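Printed here is my_file_0.txt (compact mmCIF, C-alpha atoms and all ligand atoms):
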```txt
# COMPACT_ATOMS: atom_id res chain seq x y z
CA MET A 29 0.00 0.00 0.00
CA THR A 30 2.76 2.42 1.00
CA ASP A 31 4.60 1.82 -2.28
CA ILE A 32 1.43 2.21 -4.38
CA VAL A 33 0.64 5.58 -2.78
CA LEU A 34 4.25 6.74 -3.31
CA TYR A 35 4.10 5.75 -7.02
CA LEU A 36 0.74 7.48 -7.39
CA HIS A 37 2.27 10.57 -5.73
CA LEU A 38 5.21 10.40 -8.18
CA ALA A 39 2.90 10.12 -11.21
CA LEU A 40 0.73 13.04 -10.02
CA GLY A 41 3.83 15.14 -9.30
CA LEU A 42 5.28 14.52 -12.76
CA PHE A 43 1.90 15.32 -14.35
CA VAL A 44 1.79 18.70 -12.56
CA LEU A 45 5.41 19.40 -13.58
CA ALA A 46 4.54 18.52 -17.21
CA ALA A 47 1.50 20.83 -17.15
CA LEU A 48 3.76 23.68 -15.98
CA VAL A 49 6.59 22.94 -18.47
CA LEU A 50 4.15 22.66 -21.40
CA ASN A 51 2.15 25.68 -20.16
CA ARG A 52 -1.14 23.75 -20.20
CA VAL A 53 -2.50 24.54 -16.70
CA ARG A 54 -5.43 26.53 -18.11
CA GLN A 55 -6.34 23.93 -20.77
CA TRP A 56 -5.99 20.96 -18.39
CA LYS A 57 -7.71 22.78 -15.53
CA ALA A 58 -9.85 19.93 -14.09
CA PRO A 59 -7.17 17.18 -14.10
CA VAL A 60 -4.51 19.62 -12.84
CA LEU A 61 -6.65 20.74 -9.88
CA ALA A 62 -7.67 17.14 -9.12
CA ALA A 63 -3.96 16.17 -9.17
CA ALA A 64 -3.15 19.07 -6.81
CA LEU A 65 -5.74 17.89 -4.26
CA LEU A 66 -4.64 14.23 -4.55
CA LEU A 67 -1.00 15.31 -4.08
CA VAL A 68 -1.90 16.90 -0.74
CA LEU A 69 -3.77 13.74 0.39
CA SER A 70 -1.12 11.26 -0.82
CA GLY A 71 1.62 13.57 0.51
CA ALA A 72 0.02 13.54 3.97
CA TYR A 73 -0.12 9.72 3.79
CA ASN A 74 3.55 9.55 2.71
CA PHE A 75 4.42 11.88 5.57
CA MET A 76 2.77 9.62 8.16
CA THR A 77 4.19 6.38 6.76
CA HIS A 78 7.78 7.60 6.12
CA MET A 79 8.22 9.54 9.37
CA ALA A 80 9.33 6.59 11.55
CA GLY A 81 13.08 5.94 11.27
CA ALA A 82 13.55 8.84 8.87
CA PRO A 83 17.17 9.74 7.96
CA LYS A 84 18.96 12.81 9.35
CA GLY A 85 17.54 16.06 7.96
CA TRP A 86 14.34 14.39 6.71
CA HIS A 87 11.94 16.51 8.79
CA ALA A 88 13.63 19.77 7.83
CA PHE A 89 13.74 19.03 4.10
CA ILE A 90 10.26 17.47 3.90
CA GLY A 91 8.97 20.56 5.79
CA ILE A 92 10.58 22.80 3.15
CA LYS A 93 9.19 20.49 0.42
CA LEU A 94 5.68 20.88 1.89
CA LEU A 95 5.91 24.69 1.88
CA LEU A 96 7.22 24.75 -1.71
CA ALA A 97 4.48 22.28 -2.76
CA LEU A 98 1.84 24.57 -1.24
CA HIS A 99 3.32 27.45 -3.28
CA VAL A 100 3.01 25.34 -6.47
CA ILE A 101 -0.59 24.38 -5.64
CA ALA A 102 -1.59 27.99 -4.89
CA MET A 103 -0.12 29.07 -8.27
CA LEU A 104 -1.99 26.25 -10.06
CA PHE A 105 -5.29 27.47 -8.59
CA LEU A 106 -4.54 31.11 -9.52
CA MET A 107 -3.35 30.24 -13.06
CA SER A 108 -6.34 27.99 -13.75
CA ARG A 109 -8.79 30.84 -13.07
CA GLY A 110 -7.68 32.56 -16.28
CA THR A 111 -8.59 36.08 -15.17
CA ALA A 112 -5.05 37.49 -14.64
CA PRO A 113 -3.06 39.38 -17.32
CA PRO A 114 -0.61 37.19 -19.33
CA GLU A 115 2.54 38.85 -17.85
CA LYS A 116 1.35 37.99 -14.36
CA VAL A 117 0.53 34.39 -15.34
CA ALA A 118 4.01 34.05 -16.92
CA ARG A 119 5.60 35.23 -13.66
CA TRP A 120 3.46 32.84 -11.57
CA ARG A 121 4.40 29.98 -13.92
CA LYS A 122 8.13 30.70 -13.65
CA GLY A 123 7.97 30.72 -9.83
CA ALA A 124 5.86 27.55 -9.76
CA LEU A 125 8.32 25.82 -12.13
CA VAL A 126 11.26 26.60 -9.83
CA SER A 127 9.36 25.41 -6.72
CA CYS A 128 8.01 22.28 -8.46
CA THR A 129 11.49 21.26 -9.67
CA LEU A 130 12.84 21.59 -6.11
CA VAL A 131 9.85 19.67 -4.70
CA VAL A 132 10.36 16.78 -7.15
CA ALA A 133 14.14 16.73 -6.50
CA ILE A 134 13.73 16.67 -2.67
CA GLY A 135 11.03 13.96 -2.89
CA LEU A 136 13.05 11.74 -5.23
CA TYR A 137 16.19 12.20 -3.14
CA PHE A 138 14.55 11.11 0.13
CA SER A 139 12.56 8.25 -1.45
CA ASN A 140 15.44 6.77 -3.38
CA PHE A 141 18.87 7.93 -2.19
CA ALA A 142 18.81 8.99 1.50
CA SER A 143 19.31 6.25 4.08
C1 LIG B 1 3.32 19.98 -6.12
C2 LIG B 1 3.13 19.01 -5.27
C3 LIG B 1 4.07 17.85 -5.03
C4 LIG B 1 4.98 17.26 -5.88
C5 LIG B 1 5.32 17.66 -7.33
C6 LIG B 1 5.59 16.17 -5.14
C7 LIG B 1 6.57 15.30 -5.65
C8 LIG B 1 7.12 14.21 -4.99
C9 LIG B 1 7.98 13.21 -5.58
C10 LIG B 1 8.43 13.18 -7.05
C11 LIG B 1 8.30 12.32 -4.61
C12 LIG B 1 9.18 11.06 -4.78
C13 LIG B 1 8.28 9.90 -5.17
C14 LIG B 1 9.04 8.62 -5.51
O1 LIG B 1 10.26 8.55 -5.38
O2 LIG B 1 8.40 7.63 -5.94
C15 LIG B 1 7.66 12.75 -3.38
C16 LIG B 1 7.76 12.11 -2.15
C17 LIG B 1 7.16 12.58 -0.97
N1 LIG B 1 6.30 13.65 -0.85
FE1 LIG B 1 5.68 14.86 -2.34
N2 LIG B 1 5.09 16.14 -3.86
C18 LIG B 1 4.15 17.14 -3.76
C19 LIG B 1 3.38 17.45 -2.63
C20 LIG B 1 3.57 16.91 -1.37
C21 LIG B 1 2.85 17.32 -0.19
C22 LIG B 1 1.76 18.40 -0.13
C23 LIG B 1 3.33 16.56 0.85
C24 LIG B 1 2.86 16.64 2.28
C25 LIG B 1 3.62 16.62 3.29
C26 LIG B 1 4.36 15.67 0.31
C27 LIG B 1 5.09 14.73 1.03
C28 LIG B 1 5.97 13.81 0.50
C29 LIG B 1 6.66 12.77 1.28
C30 LIG B 1 6.55 12.57 2.79
C31 LIG B 1 7.40 12.01 0.36
C32 LIG B 1 8.27 10.77 0.68
C33 LIG B 1 9.66 11.16 1.16
C34 LIG B 1 10.40 9.90 1.64
O3 LIG B 1 10.34 8.86 0.97
O4 LIG B 1 11.02 9.95 2.71
N3 LIG B 1 4.46 15.92 -1.05
N4 LIG B 1 6.94 13.89 -3.64
```
What do you get writing this file as structure tokens?
Ligand code: HEM
Amino acid sequence: MTDIVLYLHLALGLFVLAALVLNRVRQWKAPVLAAALLLVLSGAYNFMTHMAGAPKGWHAFIGIKLLLALHVIAMLFLMSRGTAPPEKVARWRKGALVSCTLVVAIGLYFSNFAS
């Protein structure tokens, strides 16, 4: 179960990153927002199941990952509304791309390399 949720979390995370890279948040509004909500739920599950026996620095980095992930999700909601001027959306997208790349990197590091 733990592995399945982590793989689902990975797939959802890569989908959100792809939507940002390809600039399709507005067009893929419903699946992107559904993925954002599922990321929060599966992320909370990962948090509870990976907390015991976590490596050094895990809590600090996963805490930072959570804050950056919330930044990405807030930007997804704002971008998907489609009411902001294009320059503002471009700025939001750039910030979300930076945060999302860091979030994916921290997650992959702790799931696969830290011990
Ligand atoms: C934009 C949203 C998010 C993205 C793109 C994302 C991405 C990822 C990725 C790629 C992984 C590694 C998965 C794997 O190796 O199979 C991961 C792991 C994880 N994520 Fe997220 N995540 C997001 C949101 C969240 C949230 C909101 C939480 C809540 C605390 C969270 C908590 C975790 C935890 C605890 C792990 C496992 C770390 C470990 O194995 O020790 N994530 N995430």
**Study point:** At most 7 Å from ligand LIG 1 (chain B) (only C-alpha atoms and all ligand atoms): residue list as number ranges by chain
**Key:** A: 34-35, 37-38, 41-42, 44-45, 64, 67-68, 71-72, 74-75, 78, 82, 86, 90, 93-94, 97-98, 100-101, 128, 131-133, 135-136, 138-140
Exercise for review: May I have the protein, DNA and RNA residues with an atom at most 8 Å from (6.9, 25.8, -9.1), counting only C-alpha atoms in the file's coordinates, returned as number ranges by chain?
Suggested key: A: 45, 48, 96-97, 99-100, 103, 121-130
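Distance annotation: of A:Leu95, A:Ala62, A:Leu69, A:Arg54, the residue with the minimal separation from Pro114 in chain A is A:Arg54; atom set is all atoms listed in the file.
The space separating CA of Leu40 in chain A from CA of Ala58 in chain A comes to 13.3 Å.
Separating CA of Trp120 in chain A from CA of Ala47 in chain A is a distance of 13.4 Å.
Nearest residue to Phe43 in chain A, choosing from A:Met79, A:Val60, A:Ala142, A:Leu66 and counting all atoms listed in the file: A:Val60.
Using only C-alpha atoms, the nearest neighbour of Asn51 in chain A within the list A:Val33, A:Ser108, A:Ala80, A:Gly85 is A:Ser108.
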Check your understanding: So how far away is CA of Ala39 in chain A from CA of His87 in chain A, in Å?
Key -> 22.9 Å
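Distances from A:Leu50, A:Pro113, A:Ser70, A:Trp56 to Asp31 in chain A were compared using all atoms listed in the file, and the smallest one belongs to A:Ser70.
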